[in-house]
$ cat upload03.txt   # compact mmCIF, C-alpha atoms and all ligand atoms
# COMPACT_ATOMS: atom_id res chain seq x y z
CA VAL O 1 4.55 21.74 -23.37
CA ILE O 2 2.94 19.57 -26.04
CA ILE O 3 2.20 16.00 -24.99
CA PRO O 4 1.61 13.41 -27.74
CA THR O 5 -1.80 11.71 -27.48
CA GLY O 6 -0.31 8.31 -26.61
CA GLN O 7 1.69 9.66 -23.68
CA TYR O 8 -1.22 11.79 -22.48
CA GLN O 9 -3.52 8.78 -22.46
CA LEU O 10 -0.92 6.63 -20.73
CA VAL O 11 -0.69 9.13 -17.86
CA THR O 12 -4.48 9.48 -17.68
CA ALA O 13 -4.94 5.70 -17.65
CA ALA O 14 -2.29 5.22 -14.93
CA MET O 15 -3.97 7.86 -12.74
CA ALA O 16 -7.44 6.39 -13.35
CA MET O 17 -6.29 2.85 -12.61
CA THR O 18 -4.66 4.00 -9.36
CA LEU O 19 -7.83 5.88 -8.38
CA ALA O 20 -9.91 2.74 -9.04
CA ALA O 21 -7.51 0.58 -7.00
CA MET O 22 -7.72 3.04 -4.08
CA GLY O 23 -11.52 2.91 -4.15
CA GLY O 24 -11.67 -0.88 -4.52
CA SER O 25 -9.18 -1.54 -1.75
CA PHE O 26 -11.00 0.94 0.53
CA VAL O 27 -14.12 -1.24 0.32
CA PHE O 28 -12.01 -4.37 0.88
CA PHE O 29 -10.27 -3.07 4.02
CA VAL O 30 -13.51 -1.73 5.52
CA LEU O 31 -15.30 -5.05 5.00
CA MET O 32 -12.41 -7.32 6.05
CA ARG O 33 -11.33 -5.49 9.21
CA GLU O 34 -13.55 -7.80 11.30
CA LYS O 35 -11.48 -10.79 10.17
CA VAL O 36 -8.47 -9.79 12.26
CA ALA O 37 -8.23 -9.76 16.06
CA LEU O 38 -8.93 -6.49 17.87
CA ARG O 39 -5.21 -6.10 18.62
CA TYR O 40 -4.32 -5.78 14.93
CA ARG O 41 -7.49 -4.09 13.73
CA SER O 42 -6.10 -0.55 13.87
CA SER O 43 -3.57 -1.50 11.17
CA ILE O 44 -6.41 -2.46 8.79
CA VAL O 45 -8.45 0.62 9.70
CA ILE O 46 -5.38 2.74 8.93
CA ALA O 47 -4.99 0.93 5.59
CA ALA O 48 -8.58 1.93 4.77
CA VAL O 49 -7.93 5.54 5.84
CA VAL O 50 -4.79 5.70 3.67
CA VAL O 51 -6.45 4.46 0.48
CA GLY O 52 -9.51 6.63 1.21
CA ILE O 53 -7.35 9.76 1.49
CA ALA O 54 -5.40 8.76 -1.61
CA ALA O 55 -8.62 8.12 -3.58
CA PHE O 56 -9.73 11.67 -2.86
CA HIS O 57 -6.34 13.11 -3.85
CA TYR O 58 -6.27 11.04 -7.03
CA SER O 59 -9.64 12.38 -8.09
CA ARG O 60 -8.12 15.90 -7.68
CA VAL O 61 -4.89 14.94 -9.49
CA LEU O 62 -6.87 13.49 -12.38
CA ALA O 63 -9.06 16.61 -12.62
CA SER O 64 -6.02 18.89 -12.47
CA TRP O 65 -4.26 16.86 -15.18
CA ALA O 66 -7.38 17.15 -17.39
CA ASP O 67 -7.50 20.95 -16.83
CA ALA O 68 -3.81 21.47 -17.55
CA PHE O 69 -4.04 20.37 -21.21
CA GLN O 70 -6.28 20.93 -24.21
CA PHE O 71 -6.56 18.76 -27.28
CA ARG O 72 -5.49 20.79 -30.30
CA ASP O 73 -4.17 19.78 -33.75
CA GLY O 74 -3.71 16.13 -32.83
CA ALA O 75 -1.86 16.56 -29.51
CA TYR O 76 -2.37 17.80 -25.97
CA VAL O 77 -1.18 21.36 -25.50
CA ALA O 78 -0.67 23.10 -22.14
CA SER O 79 -3.86 25.04 -21.41
CA GLY O 80 -2.16 27.56 -19.16
CA ALA O 81 -3.74 26.16 -16.01
CA PRO O 82 -0.96 24.69 -13.87
CA PHE O 83 -0.90 21.00 -12.96
CA PHE O 84 -1.12 20.70 -9.16
CA GLU O 85 1.82 18.52 -8.15
CA ALA O 86 1.09 19.78 -4.62
CA TYR O 87 -1.80 17.31 -4.28
CA ARG O 88 0.75 14.49 -4.36
CA TYR O 89 2.94 16.04 -1.68
CA ALA O 90 -0.05 16.87 0.54
CA ASP O 91 -1.17 13.26 0.18
CA TRP O 92 2.28 11.82 1.00
CA LEU O 93 2.65 14.05 4.04
CA VAL O 94 -0.39 12.36 5.57
CA THR O 95 -0.26 8.86 4.11
CA VAL O 96 3.45 8.00 4.42
CA PRO O 97 3.54 8.20 8.25
CA LEU O 98 0.31 6.16 8.31
CA LEU O 99 1.80 3.47 6.06
CA LEU O 100 4.76 3.13 8.41
CA ALA O 101 2.46 2.96 11.46
CA GLN O 102 0.51 0.15 9.76
CA LEU O 103 3.52 -2.14 9.78
CA VAL O 104 4.34 -1.48 13.44
CA LEU O 105 0.69 -2.02 14.50
CA ALA O 106 0.21 -5.15 12.35
CA LEU O 107 3.04 -6.75 14.33
CA GLY O 108 0.99 -6.21 17.48
CA MET O 109 3.64 -3.90 18.94
CA THR O 110 2.28 -1.60 21.65
CA GLY O 111 3.51 0.69 24.42
CA PRO O 112 6.56 2.98 24.47
CA LYS O 113 8.53 0.88 21.96
CA ALA O 114 5.80 1.11 19.30
CA ARG O 115 5.23 4.79 20.05
CA SER O 116 8.91 5.62 19.73
CA LEU O 117 9.14 3.74 16.40
CA ILE O 118 6.03 5.43 14.98
CA VAL O 119 7.11 8.92 16.11
CA ARG O 120 10.63 8.62 14.71
CA LEU O 121 9.43 7.10 11.42
CA SER O 122 6.74 9.81 11.05
CA VAL O 123 9.14 12.68 11.70
CA ALA O 124 11.62 11.23 9.19
CA ALA O 125 8.84 10.75 6.60
CA ALA O 126 7.61 14.33 7.01
CA ALA O 127 11.18 15.65 6.71
CA MET O 128 11.78 13.58 3.55
CA ILE O 129 8.70 14.97 1.83
CA ALA O 130 9.13 18.56 3.05
CA LEU O 131 12.74 18.57 1.83
CA GLY O 132 11.81 17.20 -1.60
CA TYR O 133 9.06 19.73 -2.25
CA PRO O 134 11.13 22.94 -2.77
CA GLY O 135 13.14 21.19 -5.51
CA GLU O 136 9.88 20.31 -7.26
CA VAL O 137 8.62 23.91 -7.10
CA ILE O 138 11.87 25.73 -7.96
CA ASN O 139 12.47 23.10 -10.65
CA THR O 140 16.03 23.95 -11.69
CA THR O 141 18.65 21.24 -12.07
CA SER O 142 20.70 22.35 -9.07
CA SER O 143 17.75 22.87 -6.70
CA ARG O 144 16.25 19.51 -7.66
CA LEU O 145 19.59 17.85 -7.00
CA ILE O 146 20.24 19.58 -3.65
CA TRP O 147 16.73 19.28 -2.15
CA GLY O 148 16.31 15.79 -3.56
CA LEU O 149 19.56 14.55 -2.03
CA ALA O 150 18.65 16.24 1.26
CA GLY O 151 15.36 14.30 1.19
CA CYS O 152 17.29 11.06 0.70
CA VAL O 153 18.89 11.41 4.17
CA PRO O 154 15.66 10.86 6.17
CA PHE O 155 14.71 8.21 3.59
CA ALA O 156 17.89 6.30 4.45
CA TYR O 157 17.06 6.66 8.16
CA ILE O 158 13.59 5.14 7.58
CA LEU O 159 15.14 2.16 5.80
CA TYR O 160 17.67 1.77 8.62
CA VAL O 161 14.91 1.69 11.25
CA LEU O 162 12.86 -0.82 9.27
CA TRP O 163 15.78 -3.14 8.64
CA VAL O 164 17.80 -2.93 11.81
CA GLU O 165 15.33 -2.06 14.59
CA LEU O 166 12.24 -3.80 13.25
CA GLY O 167 14.46 -6.69 12.15
CA ARG O 168 15.21 -7.46 15.81
CA SER O 169 11.50 -7.82 16.66
CA LEU O 170 11.11 -10.37 13.86
CA LEU O 171 13.00 -12.94 15.91
CA ASP O 172 9.90 -13.32 18.16
CA GLN O 173 7.51 -13.90 15.24
CA THR O 174 6.38 -17.15 13.65
CA ARG O 175 8.23 -18.15 10.48
CA GLU O 176 5.27 -17.24 8.25
CA VAL O 177 4.80 -13.81 9.83
CA ALA O 178 8.53 -13.08 9.61
CA LEU O 179 8.48 -14.06 5.93
CA THR O 180 5.47 -11.85 5.15
CA VAL O 181 7.01 -8.90 7.01
CA SER O 182 10.15 -9.44 4.99
CA TYR O 183 8.06 -9.30 1.76
CA ALA O 184 6.37 -6.12 3.00
CA ARG O 185 9.75 -4.51 3.71
CA TRP O 186 11.12 -5.41 0.30
CA MET O 187 7.94 -4.20 -1.37
CA LEU O 188 8.31 -0.96 0.55
CA LEU O 189 11.97 -0.56 -0.42
CA LEU O 190 11.39 -1.31 -4.12
CA THR O 191 8.24 0.79 -4.56
CA TRP O 192 9.39 3.72 -2.40
CA THR O 193 12.60 3.95 -4.40
CA ILE O 194 10.49 4.70 -7.48
CA TYR O 195 9.57 8.09 -5.94
CA PRO O 196 13.09 9.56 -5.76
CA VAL O 197 13.86 7.96 -9.15
CA SER O 198 10.78 9.65 -10.71
CA TYR O 199 11.77 12.87 -8.92
CA PHE O 200 15.20 12.87 -10.52
CA VAL O 201 13.97 12.00 -14.06
CA PRO O 202 14.03 15.71 -15.12
CA LEU O 203 17.83 15.60 -14.62
CA LEU O 204 18.18 13.05 -17.44
CA GLY O 205 17.62 15.67 -20.13
CA LEU O 206 14.78 13.84 -21.93
CA ASP O 207 12.26 15.94 -23.86
CA PRO O 208 9.74 17.72 -21.57
CA ALA O 209 6.73 15.61 -22.64
CA THR O 210 8.49 12.29 -22.00
CA THR O 211 9.90 13.59 -18.70
CA GLU O 212 6.42 14.51 -17.50
CA ALA O 213 4.87 11.25 -18.69
CA VAL O 214 7.55 9.07 -17.05
CA ARG O 215 7.29 11.01 -13.79
CA GLN O 216 3.49 10.86 -13.59
CA VAL O 217 3.26 7.19 -14.55
CA GLY O 218 6.07 6.39 -12.10
CA TYR O 219 4.38 8.16 -9.17
CA SER O 220 0.96 6.67 -10.02
CA LEU O 221 2.12 3.06 -10.32
CA ALA O 222 4.28 3.40 -7.21
CA ASP O 223 1.21 4.64 -5.30
CA LEU O 224 -0.79 1.68 -6.60
CA VAL O 225 1.66 -0.84 -5.14
CA ALA O 226 2.68 1.19 -2.07
CA LYS O 227 -0.87 1.74 -0.78
CA PRO O 228 -3.42 -0.92 -1.90
CA GLY O 229 -0.75 -3.59 -2.62
CA TYR O 230 1.15 -3.02 0.60
CA GLY O 231 -2.15 -2.82 2.53
CA LEU O 232 -2.98 -6.33 1.33
CA LEU O 233 0.31 -7.63 2.72
CA ILE O 234 -0.40 -5.86 6.01
CA TYR O 235 -3.81 -7.54 6.03
CA ARG O 236 -2.11 -10.90 5.52
CA ILE O 237 0.29 -10.24 8.41
CA ALA O 238 -2.64 -9.32 10.69
CA ARG O 239 -4.54 -12.48 9.64
CA LEU O 240 -1.51 -14.72 10.27
CA LYS O 241 -0.95 -13.12 13.68
CA THR O 242 -4.64 -13.60 14.51
CA GLU O 243 -4.43 -17.30 13.59
CA ALA O 244 -1.19 -17.78 15.56
CA ASP O 245 -2.80 -16.16 18.65
CA GLU O 246 -5.87 -18.39 18.33
CA ALA O 247 -3.70 -21.51 18.02
CA GLU O 248 -1.80 -20.49 21.15
CA LEU O 249 -5.06 -19.91 23.06
CA THR O 250 -6.36 -23.34 22.05
CA SER O 251 -3.18 -25.03 23.25
CA VAL O 252 -3.30 -23.11 26.56
CA GLY O 253 -6.94 -24.23 26.87
CA ASP O 254 -5.88 -27.86 26.32
CA ASP O 255 -3.24 -27.56 29.04
CA VAL O 256 -5.76 -26.13 31.49
CA ARG O 257 -8.23 -28.93 30.69
CA ARG O 258 -5.53 -31.57 31.12
CA LEU O 259 -4.51 -30.09 34.50
CA ALA O 260 -8.14 -29.99 35.63
CA HIS O 261 -8.38 -33.74 35.00
CA VAL O 262 -5.39 -34.70 37.13
C1 LIG M 301 1.77 6.64 -0.83
C2 LIG M 301 2.88 7.46 -1.02
C3 LIG M 301 4.18 7.09 -0.75
C4 LIG M 301 4.54 5.75 -0.24
C5 LIG M 301 5.20 8.07 -1.03
C6 LIG M 301 6.51 7.90 -0.83
C7 LIG M 301 7.39 8.95 -1.17
C8 LIG M 301 8.76 8.89 -1.10
C9 LIG M 301 9.49 7.67 -0.63
C10 LIG M 301 9.48 10.07 -1.53
C11 LIG M 301 10.81 10.20 -1.52
C12 LIG M 301 11.61 11.37 -1.93
C13 LIG M 301 12.97 11.30 -1.65
C14 LIG M 301 13.61 10.11 -1.04
C15 LIG M 301 13.91 12.42 -1.96
C16 LIG M 301 13.18 13.73 -2.17
C17 LIG M 301 12.05 13.58 -3.08
C18 LIG M 301 10.99 12.60 -2.60
C19 LIG M 301 10.06 13.35 -1.64
C20 LIG M 301 10.22 12.21 -3.86
$ encode --input "upload03.txt" --output "structure tokens" --more "lines below"
Ligand SMILES: *C/C=C(C)/C=C/C=C(C)/C=C/C1=C(C)CCCC1(C)C
Amino acid sequence: VIIPTGQYQLVTAAMAMTLAAMGGSFVFFVLMREKVALRYRSSIVIAAVVVGIAAFHYSRVLASWADAFQFRDGAYVASGAPFFEAYRYADWLVTVPLLLAQLVLALGMTGPKARSLIVRLSVAAAAMIALGYPGEVINTTSSRLIWGLAGCVPFAYILYVLWVELGRSLLDQTREVALTVSYARWMLLLTWTIYPVSYFVPLLGLDPATTEAVRQVGYSLADLVAKPGYGLLIYRIARLKTEADEAELTSVGDDVRRLAHV
């Protein structure tokens, strides 16, 4: 494969920007975790863990991308060293279940209900990624189509759980929290859809260099929004919930004081 300089640099820049965003948001989540009540803190700690893991994987992805090509005669030519797509799948296998847990925990859900949601979402996420991987490795049109479509089944289940089951719990939330959760869900739907779309790009029959560039930029930008961007929304949900709890405590305190004066 020969990748024109412009496309090569675009991919490198997208990977580097995503790596920087993972590192920056890691610092942010670590420092800001104290700003949310203890009940919601695990969601922010998980956000930090996710971007920390992703930062490490991005440094490997970037190094592997650099090794896989050499600059020769005005373009980037395959060096013979393979590009490790596996880093992405290893990363997703760990981070996708954690991203789903973040949303459940930011809502302050606990007990068997939260556990059941997190377990089912995690199993579906692992199945989605494990089913997609063989198509990536075998890399023929038919295997990509079959494994990719198989991976879309658990993906659809995840969306169903988020919309229908989590939707019910939104009725108990304040208007602002419900609105922010609804943003987070839409952000999740729109950015997570980029992954299967990028996955299926090789079926479009574009030239190999463009196919690779579109796929890598797609995955990198999707990761940028789906991890640091989504984490910021989770942080906002946890802050709003913290404020709502404090307001409720103050009003209970007022009631108690009023009763004490009767
Ligand atoms: C931080 C990483 C995230 C949020 C990764 C999300 C990945 C997906 C939503 C992947 C989905 C796929 C399918 C729905 C079909 C099979 C191929 C996959 C694994 C790319």
$ residues_near_ligand --input "upload03.txt" --ligand "ligand LIG 301 (chain M)" --cutoff "7 Å" --atoms "all atoms listed in the file" --output "ChimeraX atom specification"
/O:92,95-96,128-129,131-133,147-152,155,192-193,195-196,199,223,226-227
$ residues_around --input "upload03.txt" --residues "Leu38 (chain O)" --least-positions-apart "3" --cutoff "10 Å" --atoms "all atoms listed in the file" --output "list in words"
Arg33, Glu34, Lys35, Arg41, Ser42, Ser43, Gly108, Ala238 and Thr242 of chain O
$ write_last_selection --input "upload03.txt" --atoms "C-alpha atoms" --output "PDB file, in the frame of the given file"
ATOM      1  CA  ARG O  33     -11.330  -5.490   9.210  1.00  0.00           C
ATOM      2  CA  GLU O  34     -13.550  -7.800  11.300  1.00  0.00           C
ATOM      3  CA  LYS O  35     -11.480 -10.790  10.170  1.00  0.00           C
ATOM      4  CA  ARG O  41      -7.490  -4.090  13.730  1.00  0.00           C
ATOM      5  CA  SER O  42      -6.100  -0.550  13.870  1.00  0.00           C
ATOM      6  CA  SER O  43      -3.570  -1.500  11.170  1.00  0.00           C
ATOM      7  CA  GLY O 108       0.990  -6.210  17.480  1.00  0.00           C
ATOM      8  CA  ALA O 238      -2.640  -9.320  10.690  1.00  0.00           C
ATOM      9  CA  THR O 242      -4.640 -13.600  14.510  1.00  0.00           C
TER      10      THR O 242
END
$ closest_residue --input "upload03.txt" --among "O:Val27, O:Ala209, O:Val137, O:Met187" --to "Tyr89 (chain O)" --atoms "only C-alpha atoms"
O:Val137
$ axis_aligned_box --input "upload03.txt" --around "region 80-91 of chain O" --padding-each-side "8 Å" --output "AutoDock Vina command-line options"
--center_x -0.4 --center_y 20.4 --center_z -9.3 --size_x 22.7 --size_y 30.3 --size_z 35.7
$ residues_around --input "upload03.txt" --residues "Phe69 (chain O)" --least-positions-apart "5" --cutoff "12 Å" --atoms "all atoms listed in the file" --output "list in words"
Val1, Ile2, Ile3, Pro4, Thr5, Tyr8, Gln9, Thr12, Leu62, Ala63, Ser64, Ala75, Tyr76, Val77, Ala78, Ser79, Gly80, Ala81, Pro82, Phe83 and Ala209 of chain O
$ residues_near_point --input "upload03.txt" --point "(-7.3, 2.6, -11.0)" --cutoff "12 Å" --atoms "only C-alpha atoms" --output "list of chain:residue names"
O:Val11, O:Thr12, O:Ala13, O:Ala14, O:Met15, O:Ala16, O:Met17, O:Thr18, O:Leu19, O:Ala20, O:Ala21, O:Met22, O:Gly23, O:Gly24, O:Ser25, O:Val51, O:Ala54, O:Ala55, O:Tyr58, O:Ser59, O:Leu62, O:Ser220, O:Leu221, O:Asp223, O:Leu224, O:Val225, O:Pro228
$ closest_residue --input "upload03.txt" --among "O:Pro154, O:Gly218, O:Gly231, O:Pro134" --to "Ser198 (chain O)" --atoms "all atoms listed in the file"
O:Gly218
$ closest_residue --input "upload03.txt" --among "O:Phe29, O:Tyr160, O:Tyr87, O:Trp186" --to "Ala47 (chain O)" --atoms "only C-alpha atoms"
O:Phe29
$ residues_near_point --input "upload03.txt" --point "(7.5, 10.5, -21.8)" --cutoff "10 Å" --atoms "all atoms listed in the file" --output "MDAnalysis selection string"
chainID O and resid 3:4 6:8 10:11 206:217
$ atom_distance --input "upload03.txt" --atom1 "CA of Ile118 (chain O)" --atom2 "CA of Leu100 (chain O)"
7.1 Å
$ atom_distance --input "upload03.txt" --atom1 "CA of Leu99 (chain O)" --atom2 "CA of Ile234 (chain O)"
9.6 Å
$ atom_distance --input "upload03.txt" --atom1 "CA of Thr180 (chain O)" --atom2 "CA of Leu233 (chain O)"
7.1 Å
$ closest_residue --input "upload03.txt" --among "O:Ala184, O:Ala156, O:Leu232, O:Ala244" --to "Val104 (chain O)" --atoms "all atoms listed in the file"
O:Ala184
$ residues_around --input "upload03.txt" --residues "Leu170 (chain O)" --least-positions-apart "4" --cutoff "12 Å" --atoms "all atoms listed in the file" --output "list in words"
Leu103, Val104, Leu107, Gly108, Met109, Leu162, Trp163, Val164, Glu165, Leu166, Thr174, Arg175, Glu176, Val177, Ala178, Leu179, Thr180, Val181, Ser182 and Arg185 of chain O
$ closest_residue --input "upload03.txt" --among "O:Pro202, O:Gly167, O:Gly253, O:Gly229" --to "Leu188 (chain O)" --atoms "only C-alpha atoms"
O:Gly229
$ build_atoms --input "upload03.txt" --residues "region 142-153 of chain O" --atoms "all heavy atoms" --output "short mmCIF file (atom, residue, chain, number, x, y, z; two decimals), in the frame of the given file"
data_model
loop_
_atom_site.label_atom_id
_atom_site.label_comp_id
_atom_site.auth_asym_id
_atom_site.auth_seq_id
_atom_site.Cartn_x
_atom_site.Cartn_y
_atom_site.Cartn_z
N SER O 142 19.94 22.37 -10.32
CA SER O 142 20.70 22.35 -9.07
C SER O 142 19.78 22.25 -7.86
O SER O 142 20.08 21.52 -6.91
CB SER O 142 21.59 23.59 -8.97
OG SER O 142 20.78 24.74 -9.01
N SER O 143 18.62 22.94 -7.88
CA SER O 143 17.75 22.87 -6.70
C SER O 143 17.15 21.48 -6.58
O SER O 143 17.01 20.94 -5.48
CB SER O 143 16.66 23.93 -6.76
OG SER O 143 15.78 23.66 -7.81
N ARG O 144 16.81 20.86 -7.72
CA ARG O 144 16.25 19.51 -7.66
C ARG O 144 17.29 18.54 -7.07
O ARG O 144 16.96 17.68 -6.25
CB ARG O 144 15.83 19.06 -9.06
CG ARG O 144 14.89 17.87 -9.08
CD ARG O 144 14.35 17.59 -10.46
NE ARG O 144 13.18 18.37 -10.79
CZ ARG O 144 11.94 18.06 -10.43
NH1 ARG O 144 11.71 16.98 -9.72
NH2 ARG O 144 10.92 18.82 -10.77
N LEU O 145 18.53 18.72 -7.48
CA LEU O 145 19.59 17.85 -7.00
C LEU O 145 19.81 18.04 -5.49
O LEU O 145 19.87 17.07 -4.72
CB LEU O 145 20.87 18.16 -7.78
CG LEU O 145 21.94 17.08 -7.77
CD1 LEU O 145 21.42 15.81 -8.42
CD2 LEU O 145 23.18 17.58 -8.52
N ILE O 146 19.92 19.30 -5.06
CA ILE O 146 20.24 19.58 -3.65
C ILE O 146 19.10 19.16 -2.72
O ILE O 146 19.30 18.41 -1.76
CB ILE O 146 20.58 21.07 -3.46
CG1 ILE O 146 21.90 21.40 -4.18
CG2 ILE O 146 20.67 21.44 -1.98
CD1 ILE O 146 22.15 22.87 -4.38
N TRP O 147 17.87 19.62 -3.02
CA TRP O 147 16.73 19.28 -2.15
C TRP O 147 16.44 17.79 -2.21
O TRP O 147 16.10 17.17 -1.21
CB TRP O 147 15.49 20.09 -2.54
CG TRP O 147 15.60 21.54 -2.21
CD1 TRP O 147 15.79 22.57 -3.09
CD2 TRP O 147 15.55 22.15 -0.91
NE1 TRP O 147 15.85 23.77 -2.43
CE2 TRP O 147 15.72 23.55 -1.09
CE3 TRP O 147 15.40 21.65 0.38
CZ2 TRP O 147 15.72 24.45 -0.02
CZ3 TRP O 147 15.40 22.55 1.44
CH2 TRP O 147 15.56 23.92 1.24
N GLY O 148 16.57 17.22 -3.39
CA GLY O 148 16.31 15.79 -3.56
C GLY O 148 17.28 14.95 -2.74
O GLY O 148 16.88 14.02 -2.04
N LEU O 149 18.57 15.31 -2.79
CA LEU O 149 19.56 14.55 -2.03
C LEU O 149 19.34 14.75 -0.53
O LEU O 149 19.48 13.82 0.27
CB LEU O 149 20.99 14.95 -2.42
CG LEU O 149 21.41 14.46 -3.82
CD1 LEU O 149 22.81 14.96 -4.17
CD2 LEU O 149 21.34 12.94 -3.92
N ALA O 150 18.94 15.99 -0.15
CA ALA O 150 18.65 16.24 1.26
C ALA O 150 17.50 15.34 1.72
O ALA O 150 17.54 14.77 2.82
CB ALA O 150 18.29 17.71 1.47
N GLY O 151 16.49 15.17 0.85
CA GLY O 151 15.36 14.30 1.19
C GLY O 151 15.76 12.84 1.31
O GLY O 151 15.08 12.05 1.98
N CYS O 152 16.85 12.46 0.65
CA CYS O 152 17.29 11.06 0.70
C CYS O 152 17.88 10.69 2.06
O CYS O 152 17.93 9.51 2.41
CB CYS O 152 18.33 10.79 -0.39
SG CYS O 152 17.58 10.70 -2.02
N VAL O 153 18.31 11.70 2.85
CA VAL O 153 18.89 11.41 4.17
C VAL O 153 17.84 10.82 5.12
O VAL O 153 18.04 9.71 5.64
CB VAL O 153 19.59 12.66 4.76
CG1 VAL O 153 20.11 12.37 6.17
CG2 VAL O 153 20.72 13.12 3.83
#
